[in-house]
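Take a look at the structure below.
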Amino acid sequence: MAFIQLSRYEAEEGDLPDACMCCGARATERKRRRFISHPFWVYVLLPFGYIPYVIVAAVLTEEVRCYTLFCPRHKNHWRKRTLIIWGAFAAMLALIAGGLAIVGSMTGHISKSVQDSLFGMICVASPLLVVCWLSSIPIMQVTAIHPADVRERGLILKRISPAFADAVREHRANNRNEERPEEAYIRDNRVRRSPPRYGDLE
């Protein structure tokens with residue numbers, strides 16, 4: 001996978017070629033998406049609790065809006081990952097609750113010591129499952145298209161198709177000899193000079 005550096009204008013106004021960010025095919029889906037970006041090491045705080053992670057992430061988070069382009073095959077690029085995360089969460093809860101229910105239903109069929117051992121195993125395994133689930137969240141996000149190094153003048157978009165990166169460079173080259181929209185905007189909105197005063201006339 002590749003990456004491309006975009007200006008704020010390109011990202012927020014959608015001055016991008018009609019190419020899929022995942023494969024480079026012709027894009028049919030163009031939507032503006034709000035990206036949240038913070039240093040990757042912040043995810044290390046997740047196993048230690050959700051509250052510390054939220055506090056540190058809120059302080060270090062940068063927000064940027066960027067147009068995204070996808071073909072019909074990849075239009076659910078982020079939705080699939082969201083479904084996997086919440087599906088894994090539901091499966092984890094079902095596994096823990098199911099294990100407790102099964103062991104509880106064995107009362108009278110197994111010895112008390114065996115039942116206590118099974119309950120103990122579930123109590124030990126449950127936090128491990130939660131840690132594994134929390135660890136899967138940053139993995140899902142990092143393996144998807146995501147921004148990095150968000151600044152006032154632009155951002156870097158990672159995990160994109162090399163074909164999309166080439167299309168962006170070609171799009172810029174085609175516009176190089178033409179007045180770019182942002183340049184026209186600056187020209188039309190610049191502060192006009194005030195007329196000269198009589199004392200300034202020669």
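Note on naming: chains are A, B, ... as they come in the structure tokens, residues start from 1 per chain, ligands start from 1 in the order shown.
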
- Surrounding residues of stretch 162-176 of chain A excluding itself and chain neighbours under 3 positions, 8 Å, only C-alpha atoms, as a list in words: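 Skipping anything fewer than 3 positions along the chain leaves Met1, Ala2, Phe3, Ile4, Leu16, Pro17, Ala19, Cys20, Met21, Cys22, Cys23, Gly24, Glu179 and Arg180 of chain A.
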
Residues of stretch 3-75 of chain A within 12 Å of stretch 139-148 of chain A: nearest atom pair and distance (Å, one decimal) for each, counting only C-alpha atoms, sorted by chain and number, as a Markdown table?
| residue | atom | partner | partner_atom | distance |
| --- | --- | --- | --- | --- |
| A:Phe3 | CA | A:Ile145 | CA | 9.2 |
| A:Ile4 | CA | A:Pro147 | CA | 9.7 |
| A:Gln5 | CA | A:Ala148 | CA | 9.4 |
| A:Leu6 | CA | A:Pro147 | CA | 9.9 |
| A:Ala11 | CA | A:Pro147 | CA | 10.7 |
| A:Cys20 | CA | A:Ile145 | CA | 11.7 |
| A:Met21 | CA | A:Ile145 | CA | 8.2 |
| A:Cys22 | CA | A:Ile145 | CA | 8.2 |
| A:Cys23 | CA | A:Ile145 | CA | 11.9 |
| A:Arg33 | CA | A:His146 | CA | 10.8 |
| A:Arg34 | CA | A:Pro147 | CA | 10.3 |
| A:Phe35 | CA | A:Pro147 | CA | 7.0 |
| A:Ile36 | CA | A:Pro147 | CA | 7.9 |
| A:Ser37 | CA | A:Pro147 | CA | 6.4 |
| A:His38 | CA | A:Ala148 | CA | 7.9 |
| A:Pro39 | CA | A:Ala148 | CA | 8.4 |
| A:Phe40 | CA | A:Val142 | CA | 8.7 |
| A:Trp41 | CA | A:Val142 | CA | 11.9 |
| A:Tyr43 | CA | A:Ile139 | CA | 9.6 |
| A:Val44 | CA | A:Ile139 | CA | 11.5 |
| A:Thr61 | CA | A:Ala148 | CA | 11.0 |
| A:Glu62 | CA | A:Ala148 | CA | 9.5 |
| A:Glu63 | CA | A:Pro147 | CA | 9.6 |
| A:Val64 | CA | A:Pro147 | CA | 8.6 |
| A:Arg65 | CA | A:Pro147 | CA | 10.1 |
| A:Cys66 | CA | A:Pro147 | CA | 9.3 |
| A:Tyr67 | CA | A:Pro147 | CA | 11.9 |
| A:Thr68 | CA | A:Ile145 | CA | 9.7 |
| A:Leu69 | CA | A:Ile145 | CA | 11.3 |
| A:Phe70 | CA | A:Ile145 | CA | 11.5 |
| A:His74 | CA | A:Ala144 | CA | 11.5 |

Residue subset to file, keeping C-alpha atoms, as a short mmCIF file (atom, residue, chain, number, x, y, z; two decimals), in the first residue's frame:
data_model
loop_
_atom_site.label_atom_id
_atom_site.label_comp_id
_atom_site.auth_asym_id
_atom_site.auth_seq_id
_atom_site.Cartn_x
_atom_site.Cartn_y
_atom_site.Cartn_z
CA PHE A 3 0.54 7.03 0.89
CA ILE A 4 0.00 10.51 -0.49
CA GLN A 5 0.35 13.98 0.97
CA LEU A 6 -2.72 16.12 0.39
CA ALA A 11 -8.82 17.03 1.15
CA CYS A 20 -10.93 4.45 -5.99
CA MET A 21 -8.64 4.89 -3.00
CA CYS A 22 -8.43 1.11 -2.54
CA CYS A 23 -7.75 -0.13 -6.06
CA ARG A 33 -15.52 11.83 5.88
CA ARG A 34 -14.42 13.18 9.25
CA PHE A 35 -11.10 11.69 10.26
CA ILE A 36 -9.79 11.60 13.81
CA SER A 37 -6.03 11.32 14.09
CA HIS A 38 -3.79 10.93 17.12
CA PRO A 39 -0.41 9.27 17.78
CA PHE A 40 -0.44 5.49 17.49
CA TRP A 41 1.06 5.00 20.96
CA TYR A 43 -3.77 2.91 21.73
CA VAL A 44 -1.36 1.32 24.21
CA THR A 61 -6.45 14.34 18.65
CA GLU A 62 -6.42 16.26 15.37
CA GLU A 63 -9.58 16.42 13.29
CA VAL A 64 -9.76 16.80 9.54
CA ARG A 65 -12.46 16.36 6.92
CA CYS A 66 -11.46 14.67 3.70
CA TYR A 67 -13.32 13.56 0.62
CA THR A 68 -13.10 9.81 0.04
CA LEU A 69 -13.61 8.04 -3.27
CA PHE A 70 -14.47 4.38 -3.79
CA HIS A 74 -14.85 -1.00 -1.89
#

- Which residues in stretch 63-118 of chain A does DSSP call helix (DSSP H, G or I)? List them as a count of residues only. 39

- Message: For the strand (DSSP E or B) assignment from backbone DSSP, which residues of stretch 3-195 of chain A qualify? Please present them as a PyMOL selection string.
- Response: chain A and resi 3-7+19+26+29-37+62-70+107+110+146-148+154-160

- Note on the structure: Pairwise distance, atom CA of A:Glu12 with atom CA of A:Asp149, equals 15.7 Å

- Message: I need the residue nearest A:Tyr9 from this list: A:Lys80, A:Lys158, A:Arg153, A:Arg73. Use only C-alpha atoms for the distance.
- Response: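 Among A:Lys80, A:Lys158, A:Arg153, A:Arg73, it is A:Arg153 that comes nearest to A:Tyr9.
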
- Message: Quick one: residues within 12 Å of A:Ala88, only C-alpha atoms, excluding same-chain residues fewer than 3 positions away - as a list in words?
- Response: Arg81, Thr82, Leu83, Ile84, Ile85, Ala91, Met92, Leu93, Ala94, Leu95, Leu129, Val130, Cys132, Trp133, Leu134, Ser135, Ser136, Ile137 and Met140 of chain A

- Which neighbours of A:Phe119 fall inside 9 Å, counting only C-alpha atoms, when residues of the same chain fewer than 2 positions from it are skipped, and could you give them as a count of residues only? 12
